[in-house]
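Asker: Provided below: data23.cif, containing mmCIF, C-alpha atoms.
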data_protein
loop_
_atom_site.label_atom_id
_atom_site.label_comp_id
_atom_site.auth_asym_id
_atom_site.auth_seq_id
_atom_site.Cartn_x
_atom_site.Cartn_y
_atom_site.Cartn_z
CA MET A 1 27.37 -85.33 15.97
CA ARG A 2 26.35 -88.95 16.45
CA THR A 3 28.77 -89.49 19.31
CA ALA A 4 27.51 -86.30 20.94
CA TRP A 5 23.97 -87.71 20.91
CA ILE A 6 25.15 -91.00 22.36
CA ALA A 7 27.02 -89.15 25.10
CA LEU A 8 23.90 -87.14 25.87
CA GLY A 9 21.83 -90.30 25.94
CA LEU A 10 24.27 -91.90 28.38
CA ALA A 11 24.23 -88.80 30.53
CA SER A 12 20.45 -88.88 30.84
CA VAL A 13 20.47 -92.61 31.58
CA PHE A 14 22.99 -91.89 34.30
CA VAL A 15 20.88 -89.10 35.76
CA ALA A 16 17.75 -91.27 35.64
CA THR A 17 19.53 -94.19 37.32
CA PHE A 18 20.93 -91.86 39.89
CA ALA A 19 17.47 -90.48 40.67
CA LEU A 20 16.14 -94.05 40.95
CA ALA A 21 19.01 -95.12 43.17
CA GLN A 22 18.23 -92.14 45.35
CA GLY A 23 14.51 -92.86 45.23
CA ALA A 24 14.69 -96.38 46.65
CA ALA A 25 16.01 -95.81 50.16
CA ASP A 26 15.91 -92.05 50.15
CA LYS A 27 12.77 -90.04 50.90
CA ARG A 28 14.39 -86.71 50.04
CA ARG A 29 12.65 -84.55 47.46
CA SER A 30 13.69 -81.31 45.85
CA GLY A 31 11.19 -78.45 46.05
CA TYR A 32 11.00 -78.96 42.28
CA GLN A 33 9.04 -82.18 42.83
CA ASP A 34 6.48 -80.33 44.95
CA MET A 35 5.70 -77.79 42.19
CA GLY A 36 2.96 -78.04 39.60
CA GLU A 37 3.76 -79.28 36.12
CA ALA A 38 3.63 -75.80 34.60
CA LEU A 39 6.38 -74.51 36.88
CA GLN A 40 8.49 -77.63 36.38
CA LYS A 41 8.27 -77.06 32.63
CA MET A 42 9.23 -73.42 33.08
CA GLN A 43 12.34 -74.44 35.02
CA ASP A 44 13.28 -77.18 32.55
CA ASP A 45 12.93 -75.05 29.41
CA ASP A 46 15.93 -72.72 29.14
CA THR A 47 13.99 -70.40 26.84
CA ALA A 48 11.19 -70.03 29.43
CA ASN A 49 13.23 -70.08 32.67
CA PRO A 50 13.70 -66.40 33.68
CA GLY A 51 16.83 -67.41 35.61
CA MET A 52 18.60 -68.08 32.33
CA LEU A 53 18.60 -64.34 31.51
CA PHE A 54 20.70 -63.84 34.63
CA VAL A 55 23.01 -66.68 33.63
CA GLN A 56 23.62 -64.86 30.32
CA LEU A 57 24.19 -61.58 32.08
CA GLY A 58 26.56 -63.35 34.48
CA GLU A 59 28.52 -64.75 31.57
CA GLN A 60 29.01 -61.22 30.20
CA LEU A 61 30.08 -59.89 33.59
CA PHE A 62 32.46 -62.82 34.00
CA GLY A 63 34.37 -61.67 30.93
CA ARG A 64 34.42 -57.96 31.75
CA PRO A 65 37.53 -56.43 33.41
CA ALA A 66 36.83 -54.65 36.70
CA GLY A 67 38.55 -52.99 39.65
CA ALA A 68 41.98 -51.48 40.13
CA ALA A 69 43.53 -54.74 38.85
CA ASN A 70 41.53 -54.34 35.63
CA LYS A 71 41.10 -58.10 35.43
CA SER A 72 38.05 -60.10 34.50
CA CYS A 73 37.02 -63.28 36.25
CA ALA A 74 37.73 -65.10 33.00
CA ASP A 75 41.35 -63.86 33.04
CA CYS A 76 41.97 -66.15 35.99
CA HIS A 77 39.23 -68.75 35.59
CA GLY A 78 39.25 -70.50 32.23
CA ALA A 79 36.23 -71.95 30.44
CA GLY A 80 34.75 -74.89 32.35
CA SER A 81 36.75 -74.20 35.51
CA MET A 82 33.61 -73.44 37.52
CA LYS A 83 32.11 -76.88 36.96
CA GLY A 84 31.24 -78.51 40.28
CA VAL A 85 32.21 -75.46 42.34
CA ALA A 86 28.66 -74.53 43.47
CA ALA A 87 28.10 -78.15 44.56
CA ARG A 88 30.74 -77.87 47.29
CA TYR A 89 30.11 -74.43 48.80
CA PRO A 90 30.12 -73.10 51.56
CA ALA A 91 33.81 -73.84 52.06
CA ILE A 92 36.81 -72.34 53.86
CA PRO A 93 39.00 -70.33 51.47
CA LYS A 94 42.75 -70.76 51.45
CA ASP A 95 44.46 -68.93 54.33
CA ALA A 96 41.12 -68.29 56.06
CA ASP A 97 39.57 -69.92 59.08
CA LYS A 98 35.86 -69.28 58.47
CA PRO A 99 33.60 -70.64 55.74
CA VAL A 100 32.14 -68.43 53.01
CA ASP A 101 29.25 -69.26 50.71
CA LEU A 102 29.39 -68.91 46.94
CA GLU A 103 28.39 -65.24 47.07
CA GLY A 104 31.04 -64.63 49.71
CA ARG A 105 33.65 -66.39 47.58
CA ILE A 106 32.76 -64.30 44.53
CA ASN A 107 33.04 -61.11 46.57
CA LEU A 108 36.39 -62.28 47.91
CA CYS A 109 37.63 -62.41 44.32
CA ARG A 110 36.09 -59.00 43.69
CA THR A 111 37.99 -57.40 46.56
CA ALA A 112 41.24 -59.43 46.72
CA ASN A 113 41.78 -60.30 43.06
CA GLN A 114 40.04 -57.58 41.07
CA ARG A 115 40.59 -54.96 43.80
CA ALA A 116 37.03 -53.72 43.29
CA GLU A 117 34.21 -52.90 45.70
CA PRO A 118 32.29 -55.95 46.92
CA LEU A 119 28.93 -56.39 45.18
CA ALA A 120 25.89 -55.64 47.38
CA PRO A 121 23.83 -58.56 48.68
CA GLU A 122 20.96 -59.47 46.31
CA SER A 123 22.28 -57.02 43.70
CA ARG A 124 21.67 -57.97 40.11
CA ASP A 125 25.39 -58.31 39.36
CA LEU A 126 26.15 -60.57 42.31
CA LEU A 127 23.14 -62.80 41.63
CA SER A 128 24.00 -62.97 37.93
CA LEU A 129 27.60 -64.01 38.58
CA GLU A 130 26.35 -66.55 41.10
CA ALA A 131 23.77 -67.88 38.64
CA TYR A 132 26.44 -68.22 35.95
CA VAL A 133 28.78 -70.08 38.29
CA ALA A 134 26.00 -72.28 39.74
CA PHE A 135 24.60 -73.11 36.30
CA GLN A 136 27.87 -74.85 35.49
CA SER A 137 27.12 -77.37 38.25
CA ARG A 138 23.60 -78.11 37.03
CA GLY A 139 22.98 -81.85 37.22
CA GLN A 140 25.89 -82.45 39.58
CA PRO A 141 25.39 -84.06 42.99
CA ILE A 142 25.77 -81.79 46.00
CA ALA A 143 29.18 -82.66 47.43
CA PRO A 144 30.09 -80.81 50.65
CA PRO A 145 33.85 -80.75 51.36
CA SER A 146 35.15 -83.18 53.97
CA ASP A 147 37.22 -80.40 55.63
CA PRO A 148 36.94 -81.19 59.38
CA ARG A 149 37.16 -77.48 60.23
CA LEU A 150 33.64 -77.10 58.84
CA ALA A 151 32.12 -79.40 61.48
CA PRO A 152 31.50 -76.79 64.22
CA PHE A 153 29.93 -74.37 61.73
CA ARG A 154 27.67 -77.10 60.36
CA ALA A 155 26.70 -78.06 63.92
CA GLN A 156 25.78 -74.44 64.59
CA GLY A 157 23.56 -74.51 61.50
CA ALA A 158 21.87 -77.70 62.70
CA GLU A 159 21.25 -76.09 66.08
CA ILE A 160 19.63 -73.03 64.48
CA TYR A 161 17.56 -75.34 62.29
CA ARG A 162 16.19 -77.25 65.26
CA ARG A 163 15.66 -74.43 67.76
CA ARG A 164 12.27 -72.84 68.16
CA GLN A 165 12.29 -69.13 67.50
CA GLY A 166 10.19 -66.08 66.81
CA GLN A 167 6.83 -65.05 68.19
CA LEU A 168 5.26 -68.16 66.64
CA ASN A 169 7.77 -70.35 68.52
CA LEU A 170 8.43 -72.74 65.61
CA SER A 171 11.61 -74.36 64.34
CA CYS A 172 12.66 -75.00 60.75
CA ALA A 173 12.55 -78.72 61.57
CA ILE A 174 8.90 -78.60 62.68
CA CYS A 175 7.87 -77.56 59.18
CA HIS A 176 10.55 -78.97 56.91
CA ASP A 177 11.25 -82.32 58.67
CA ASP A 178 8.10 -83.17 60.64
CA ASN A 179 5.42 -81.65 58.40
CA ALA A 180 6.96 -81.58 54.90
CA GLY A 181 4.40 -82.55 52.26
CA LYS A 182 1.50 -81.14 54.30
CA LYS A 183 -0.28 -77.91 53.42
CA LEU A 184 0.44 -74.65 55.17
CA ALA A 185 -2.75 -72.86 54.11
CA GLY A 186 -2.65 -73.74 50.41
CA VAL A 187 1.11 -74.23 50.08
CA THR A 188 2.85 -77.62 50.15
CA ILE A 189 5.69 -77.45 52.68
CA PRO A 190 8.88 -78.49 50.85
CA GLN A 191 11.78 -80.32 52.51
CA ALA A 192 13.95 -77.18 52.22
CA HIS A 193 16.74 -78.62 50.07
CA PRO A 194 18.97 -75.91 48.58
CA THR A 195 19.05 -77.55 45.14
CA GLY A 196 17.96 -74.64 42.96
CA TYR A 197 19.81 -71.54 44.15
CA PRO A 198 19.83 -68.83 43.07
CA ILE A 199 16.12 -69.22 42.24
CA TYR A 200 13.70 -67.18 40.23
CA ARG A 201 10.73 -66.91 42.59
CA LEU A 202 7.43 -65.86 41.05
CA GLU A 203 6.36 -64.21 44.30
CA TRP A 204 9.46 -62.01 44.17
CA GLN A 205 9.33 -61.46 40.42
CA ALA A 206 13.10 -61.64 40.72
CA LEU A 207 16.10 -63.87 41.12
CA GLY A 208 17.06 -64.35 44.77
CA SER A 209 19.62 -66.14 46.88
CA LEU A 210 19.19 -68.89 49.46
CA LYS A 211 19.73 -66.20 52.09
CA ARG A 212 16.76 -64.27 50.84
CA ARG A 213 14.68 -67.46 51.06
CA LEU A 214 15.90 -68.15 54.61
CA ARG A 215 15.07 -64.57 55.60
CA ASN A 216 11.54 -65.05 54.26
CA CYS A 217 11.04 -68.09 56.49
CA LEU A 218 12.49 -66.29 59.53
CA ILE A 219 10.19 -63.32 58.95
CA GLY A 220 7.28 -65.76 58.62
CA LEU A 221 8.06 -67.07 62.12
CA ARG A 222 8.15 -63.46 63.31
CA ALA A 223 11.78 -63.98 64.24
CA GLU A 224 14.41 -61.26 63.86
CA ALA A 225 16.10 -61.94 60.51
CA TYR A 226 19.91 -61.91 60.65
CA ALA A 227 21.77 -59.21 58.73
CA TYR A 228 22.80 -60.29 55.23
CA ASP A 229 26.45 -60.68 56.23
CA ALA A 230 25.70 -62.70 59.38
CA PRO A 231 27.66 -65.96 59.83
CA GLU A 232 24.42 -67.68 60.89
CA TYR A 233 23.30 -67.91 57.26
CA VAL A 234 26.55 -69.57 56.20
CA ALA A 235 26.10 -72.03 59.09
CA LEU A 236 22.52 -72.81 58.02
CA GLU A 237 23.61 -73.17 54.38
CA LEU A 238 26.36 -75.61 55.42
CA TYR A 239 23.84 -77.69 57.32
CA LEU A 240 21.28 -77.62 54.49
CA MET A 241 23.89 -78.59 51.88
CA ASP A 242 25.04 -81.49 54.04
CA ARG A 243 21.44 -82.61 54.52
CA ALA A 244 21.04 -82.54 50.72
CA LYS A 245 24.34 -84.31 50.01
CA GLY A 246 24.09 -86.30 46.75
CA MET A 247 20.96 -84.54 45.51
CA LEU A 248 21.35 -82.94 42.09
CA LEU A 249 21.81 -79.21 41.61
CA GLU A 250 19.24 -77.62 39.33
CA ALA A 251 20.25 -73.93 39.32
CA PRO A 252 18.76 -71.62 38.29
CA GLY A 253 15.58 -73.05 39.86
CA VAL A 254 12.08 -71.65 39.52
CA ARG A 255 9.85 -71.57 42.61
CA PRO A 256 6.34 -70.24 43.32
CA MET B 1 -2.93 -85.47 78.67
CA VAL B 2 -3.79 -83.19 81.58
CA ARG B 3 -0.57 -82.39 83.35
CA ALA B 4 -1.60 -79.60 85.72
CA GLY B 5 -2.75 -80.85 89.11
CA PRO B 6 -6.03 -79.92 90.81
CA LEU B 7 -4.36 -77.00 92.53
CA ALA B 8 -4.44 -73.73 90.69
CA VAL B 9 -1.23 -72.97 88.86
CA LEU B 10 -0.27 -69.36 88.54
CA LEU B 11 0.88 -68.39 85.12
CA ALA B 12 2.35 -64.94 85.15
CA LEU B 13 2.16 -63.14 81.84
CA ALA B 14 4.02 -59.97 81.12
CA ALA B 15 1.25 -57.93 79.57
CA PRO B 16 2.48 -54.69 77.99
CA ALA B 17 1.42 -51.59 79.87
CA ALA B 18 -0.72 -50.33 76.98
CA TRP B 19 -3.14 -53.20 77.47
CA ALA B 20 -3.35 -52.80 81.19
CA GLN B 21 -5.66 -49.88 80.49
CA GLN B 22 -7.99 -52.09 78.48
CA GLY B 23 -8.32 -54.26 81.54
CA PRO B 24 -6.67 -57.62 80.67
CA ARG B 25 -5.29 -59.74 83.44
CA ASP B 26 -1.57 -60.01 83.84
CA VAL B 27 -1.96 -63.09 85.99
CA VAL B 28 -3.94 -65.92 84.45
CA VAL B 29 -5.19 -68.70 86.70
CA VAL B 30 -4.99 -72.19 85.22
CA GLU B 31 -7.17 -74.83 86.87
CA GLY B 32 -6.63 -78.37 85.67
CA ASP B 33 -6.53 -78.10 81.88
CA ALA B 34 -8.54 -74.89 81.68
CA ILE B 35 -8.50 -71.14 82.31
CA PRO B 36 -11.98 -70.64 83.75
CA GLU B 37 -11.94 -66.84 84.01
CA PRO B 38 -12.05 -64.57 80.94
CA LEU B 39 -8.85 -62.64 80.18
CA ALA B 40 -10.74 -59.42 79.45
CA THR B 41 -13.69 -57.60 80.95
CA ARG B 42 -15.35 -57.13 77.56
CA PRO B 43 -17.18 -60.37 76.71
CA GLY B 44 -15.98 -62.27 73.63
CA ASP B 45 -17.84 -61.76 70.36
CA ALA B 46 -18.19 -64.83 68.13
CA ALA B 47 -18.51 -62.86 64.88
CA ARG B 48 -15.30 -60.96 65.57
CA GLY B 49 -13.69 -64.25 66.59
CA ARG B 50 -14.63 -65.86 63.31
CA ALA B 51 -13.00 -62.98 61.40
CA ILE B 52 -9.81 -63.36 63.46
CA VAL B 53 -9.66 -67.12 62.86
CA ALA B 54 -10.22 -66.62 59.11
CA ASN B 55 -7.55 -63.93 58.80
CA ARG B 56 -4.20 -65.39 57.77
CA SER B 57 -2.13 -62.59 59.21
CA VAL B 58 -4.11 -62.02 62.43
CA GLY B 59 -5.28 -65.38 63.76
CA LEU B 60 -3.08 -67.48 61.45
CA CYS B 61 -5.25 -70.44 62.49
CA LEU B 62 -6.05 -71.62 58.95
CA LEU B 63 -2.37 -71.86 58.10
CA CYS B 64 -2.40 -75.09 60.13
CA HIS B 65 -6.06 -75.94 60.78
CA SER B 66 -9.04 -76.46 58.57
CA GLY B 67 -12.42 -75.26 59.78
CA PRO B 68 -16.01 -74.52 58.75
CA ILE B 69 -15.08 -71.28 56.98
CA PRO B 70 -15.89 -72.17 53.37
CA GLU B 71 -14.95 -68.79 51.85
CA GLU B 72 -11.31 -69.42 52.81
CA ARG B 73 -10.29 -71.88 50.14
CA PHE B 74 -6.75 -72.50 51.31
CA GLN B 75 -6.67 -74.22 54.65
CA GLY B 76 -3.93 -76.11 56.45
CA THR B 77 -3.41 -79.83 57.05
CA LEU B 78 -0.93 -79.58 59.97
CA ALA B 79 -3.61 -79.72 62.67
CA PRO B 80 -7.08 -81.17 63.36
CA SER B 81 -10.20 -79.45 62.00
CA LEU B 82 -11.67 -76.79 64.26
CA ALA B 83 -15.15 -78.17 63.51
CA GLY B 84 -16.67 -79.51 66.72
CA ALA B 85 -14.09 -77.80 68.97
CA GLY B 86 -16.95 -76.28 71.01
CA ALA B 87 -18.40 -79.76 71.61
CA ARG B 88 -15.06 -81.32 72.57
CA TRP B 89 -13.96 -78.61 75.00
CA SER B 90 -15.42 -76.23 77.54
CA VAL B 91 -14.87 -72.49 77.18
CA GLY B 92 -12.16 -72.62 79.85
CA GLN B 93 -10.39 -75.52 78.13
CA LEU B 94 -10.50 -73.69 74.80
CA ARG B 95 -9.06 -70.59 76.45
CA LEU B 96 -6.00 -72.45 77.76
CA ARG B 97 -5.43 -74.09 74.36
CA ILE B 98 -5.29 -70.66 72.71
CA VAL B 99 -3.34 -68.92 75.49
CA ASP B 100 -0.55 -71.49 75.72
CA GLY B 101 -1.08 -75.01 74.39
CA ALA B 102 2.41 -75.95 75.58
CA ARG B 103 0.97 -76.11 79.10
CA LEU B 104 -0.79 -79.32 77.98
CA ASN B 105 1.65 -80.63 75.39
CA PRO B 106 5.21 -79.27 75.61
CA ASP B 107 5.89 -80.46 72.05
CA THR B 108 2.88 -78.73 70.51
CA ILE B 109 3.46 -76.73 67.36
CA MET B 110 0.47 -74.52 68.09
CA PRO B 111 1.84 -71.03 68.79
CA PRO B 112 1.27 -69.57 72.28
CA TYR B 113 -1.20 -66.78 71.53
CA TYR B 114 -1.03 -65.04 74.91
CA ARG B 115 2.48 -65.48 76.21
CA THR B 116 5.58 -63.33 75.83
CA THR B 117 8.09 -65.30 77.90
CA GLY B 118 10.37 -68.19 76.91
CA LEU B 119 10.56 -67.12 73.25
CA ARG B 120 13.80 -66.60 71.28
CA ARG B 121 14.80 -63.98 68.75
CA VAL B 122 11.34 -62.45 68.44
CA ALA B 123 11.32 -59.82 65.66
CA ARG B 124 11.61 -56.30 67.05
CA THR B 125 8.12 -55.31 65.86
CA PHE B 126 6.59 -58.11 67.92
CA GLU B 127 8.85 -58.01 70.95
CA GLY B 128 6.94 -57.99 74.25
CA LYS B 129 3.64 -58.36 72.41
CA THR B 130 1.32 -61.34 72.47
CA ILE B 131 0.07 -62.74 69.13
CA LEU B 132 -3.51 -61.87 70.09
CA THR B 133 -4.69 -59.34 72.66
CA ALA B 134 -6.76 -60.50 75.64
CA GLU B 135 -9.92 -59.26 73.89
CA GLN B 136 -9.05 -61.09 70.70
CA VAL B 137 -8.47 -64.33 72.64
CA GLU B 138 -11.94 -63.94 74.16
CA ASP B 139 -13.46 -63.32 70.70
CA VAL B 140 -11.76 -66.46 69.31
CA VAL B 141 -12.90 -68.55 72.30
CA ALA B 142 -16.47 -67.26 71.86
CA TYR B 143 -16.38 -68.32 68.20
CA LEU B 144 -14.88 -71.76 68.89
CA ALA B 145 -17.57 -72.38 71.53
CA THR B 146 -20.20 -72.06 68.76
CA LEU B 147 -18.60 -74.90 66.75
CA LYS B 148 -20.72 -77.70 68.14
CA GLU B 149 -20.39 -80.12 65.23
#
Here is a file; write its structure as structure tokens.
Answerer:
Amino acid sequence: MRTAWIALGLASVFVATFALAQGAADKRRSGYQDMGEALQKMQDDDTANPGMLFVQLGEQLFGRPAGAANKSCADCHGAGSMKGVAARYPAIPKDADKPVDLEGRINLCRTANQRAEPLAPESRDLLSLEAYVAFQSRGQPIAPPSDPRLAPFRAQGAEIYRRRQGQLNLSCAICHDDNAGKKLAGVTIPQAHPTGYPIYRLEWQALGSLKRRLRNCLIGLRAEAYAYDAPEYVALELYLMDRAKGMLLEAPGVRP
Amino acid sequence: MVRAGPLAVLLALAAPAAWAQQGPRDVVVVEGDAIPEPLATRPGDAARGRAIVANRSVGLCLLCHSGPIPEERFQGTLAPSLAGAGARWSVGQLRLRIVDGARLNPDTIMPPYYRTTGLRRVARTFEGKTILTAEQVEDVVAYLATLKE
């Protein structure tokens, strides 16, 4: 018991030092830091964070056999094996040549390993499994893989991020790089770091993926949103994760 | 600041056919840093213009700007206050700033309210449409012209 407390104490000292080390030279902020105190508390308190209900549901699903293979995720992935995984996605799966994000990876296991139907985008089951997997990387620094094959996809994401688009002719960078911290009507523009996904967003009254968030911004610009399975989202996610390299994951996040 | 020369520059705008009946111009003449002629035959109405500016999904102005519209509590801090715009600029100068501010500052973040060309991946619902109609631009300009301080 005593050693456990000491270990916990050390862990929080480490996290605090890490945040300080980041704070000195680094102007990056998670959207968490732009929220009011009430929402920060809601995210921090596992009994108040609505995302935790999905983590629990995800844990149940993880242990439930599915598909023609009648295997559960847990049959192949032992306890603790998902630690750090969310921090390094999107990544290129073995024997593939294109990156997938965490949802894509989970669906790959659904179809190839469980021999079940893929789960629909933004469905409760997919988001719950994702929340359960991502929760196990909470507190870990975002660590994109060094795989050189990812470079062109990341560059594509950076290009989408910087290009003006939509009827309003704005780019992601105009808001999230050049004007972050300012108010768009009443809302503080965050730096768009993907630290909390999947998030419970009060405006949605639901858990949602990074893709759903990106679609919201695209629709705000009056740009045509890409289809859910479009490679453009994976490219943007790769770029955003790289931009947030070293920042700590906080899934499941809460956002206004 | 003023890039256009003294000669009139022709700025062709692809106005959708539906509006042609309402009488907007599909060719807008820019002189210096202004559009001296109204875009529509119906004169602008300042009260309607104020409502457009205040409306977050029509004018969108207060997303970025603040302005003397006290009942709208949430205003933006991305752009200068609209207060005094009518003292700083003539009606023609205001018109060009609303129609297509990029004519004056290519890096501007102010959306082009009366242009349909040179835009990428516009959502299908808005394709080929300007953000404001010619009449709405005139209403907004009429309102801005009243903001003398």
Asker: Run the PyMOL selection byres ((chain B and resi 107) around 12) mentally over the shown coordinates, then write out the matched residues as a list in words, using the chain letters and numbers from the document.
Answerer: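 Output of the PyMOL selection byres ((chain B and resi 107) around 12): Arg164, Asn169, Leu170, Ser171, Ile174 and Asp178 of chain A; Asp100, Gly101, Ala102, Arg103, Leu104, Asn105, Pro106, Thr108, Ile109, Met110, Pro111 and Pro112 of chain B.
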Asker: Determine, using all atoms listed in the file, which residues of chain A have any atom at most 10 Å from an atom of chain B, and tabulate each with its shortest atom pair and distance in Å to one decimal place, rows ordered by chain and then rising number, as CSV.
Answerer:
residue,atom,partner,partner_atom,distance
A:Arg163,CA,B:Arg120,CA,8.8
A:Arg164,CA,B:Arg120,CA,7.1
A:Gln165,CA,B:Arg120,CA,4.8
A:Gly166,CA,B:Val122,CA,4.1
A:Gln167,CA,B:Val122,CA,5.2
A:Leu168,CA,B:Pro111,CA,5.0
A:Asn169,CA,B:Pro111,CA,6.0
A:Leu170,CA,B:Ile109,CA,6.6
A:Ser171,CA,B:Ile109,CA,9.0
A:Ile174,CA,B:Ile109,CA,7.4
A:Cys175,CA,B:Leu78,CA,9.1
A:Asp178,CA,B:Leu78,CA,9.7
A:Asn179,CA,B:Leu78,CA,6.9
A:Ala180,CA,B:Leu78,CA,9.6
A:Gly181,CA,B:Thr77,CA,9.6
A:Lys182,CA,B:Thr77,CA,5.8
A:Lys183,CA,B:Gly76,CA,5.1
A:Leu184,CA,B:Gly76,CA,4.8
A:Ala185,CA,B:Leu63,CA,4.1
A:Gly186,CA,B:Phe74,CA,4.4
A:Val187,CA,B:Phe74,CA,8.1
A:Thr188,CA,B:Gly76,CA,9.4
A:Leu218,CA,B:Ala123,CA,9.0
A:Ile219,CA,B:Ala123,CA,7.7
A:Gly220,CA,B:Ser57,CA,9.9
A:Leu221,CA,B:Val122,CA,8.5
A:Arg222,CA,B:Ala123,CA,5.4
A:Ala223,CA,B:Ala123,CA,4.4
A:Glu224,CA,B:Ala123,CA,3.9
A:Ala225,CA,B:Ala123,CA,7.3
A:Tyr226,CA,B:Arg121,CA,9.8
Asker: Let me see the file: selected residues, C-alpha atoms, as a short mmCIF file (atom, residue, chain, number, x, y, z; two decimals), keeping the file's coordinate frame.
Answerer:
data_model
loop_
_atom_site.label_atom_id
_atom_site.label_comp_id
_atom_site.auth_asym_id
_atom_site.auth_seq_id
_atom_site.Cartn_x
_atom_site.Cartn_y
_atom_site.Cartn_z
CA ARG A 163 15.66 -74.43 67.76
CA ARG A 164 12.27 -72.84 68.16
CA GLN A 165 12.29 -69.13 67.50
CA GLY A 166 10.19 -66.08 66.81
CA GLN A 167 6.83 -65.05 68.19
CA LEU A 168 5.26 -68.16 66.64
CA ASN A 169 7.77 -70.35 68.52
CA LEU A 170 8.43 -72.74 65.61
CA SER A 171 11.61 -74.36 64.34
CA ILE A 174 8.90 -78.60 62.68
CA CYS A 175 7.87 -77.56 59.18
CA ASP A 178 8.10 -83.17 60.64
CA ASN A 179 5.42 -81.65 58.40
CA ALA A 180 6.96 -81.58 54.90
CA GLY A 181 4.40 -82.55 52.26
CA LYS A 182 1.50 -81.14 54.30
CA LYS A 183 -0.28 -77.91 53.42
CA LEU A 184 0.44 -74.65 55.17
CA ALA A 185 -2.75 -72.86 54.11
CA GLY A 186 -2.65 -73.74 50.41
CA VAL A 187 1.11 -74.23 50.08
CA THR A 188 2.85 -77.62 50.15
CA LEU A 218 12.49 -66.29 59.53
CA ILE A 219 10.19 -63.32 58.95
CA GLY A 220 7.28 -65.76 58.62
CA LEU A 221 8.06 -67.07 62.12
CA ARG A 222 8.15 -63.46 63.31
CA ALA A 223 11.78 -63.98 64.24
CA GLU A 224 14.41 -61.26 63.86
CA ALA A 225 16.10 -61.94 60.51
CA TYR A 226 19.91 -61.91 60.65
#
Asker: Counting all atoms listed in the file, which residue out of B:Arg42, B:Arg88, B:Arg97, B:Arg48 sits closest to Val140 (chain B)?
Answerer: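 Of B:Arg42, B:Arg88, B:Arg97, B:Arg48, the one nearest Val140 (chain B) is B:Arg48, counting all atoms listed in the file.
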Asker: Under the PyMOL selection byres ((chain A and resi 98-107) around 8), which residues of this model are included? Write them out as a VMD selection string.
Answerer: chain A and resid 86 89 to 93 96 to 97 108 to 111 118 to 119 126 to 127 129 to 130 150 153 234 237
Asker: Quick one: residues within 9 Å of Gly92 (chain B), only C-alpha atoms counted, chain neighbours fewer than 5 positions away excluded, as a ChimeraX atom specification?
Answerer: /B:30-31,33-38,97,141
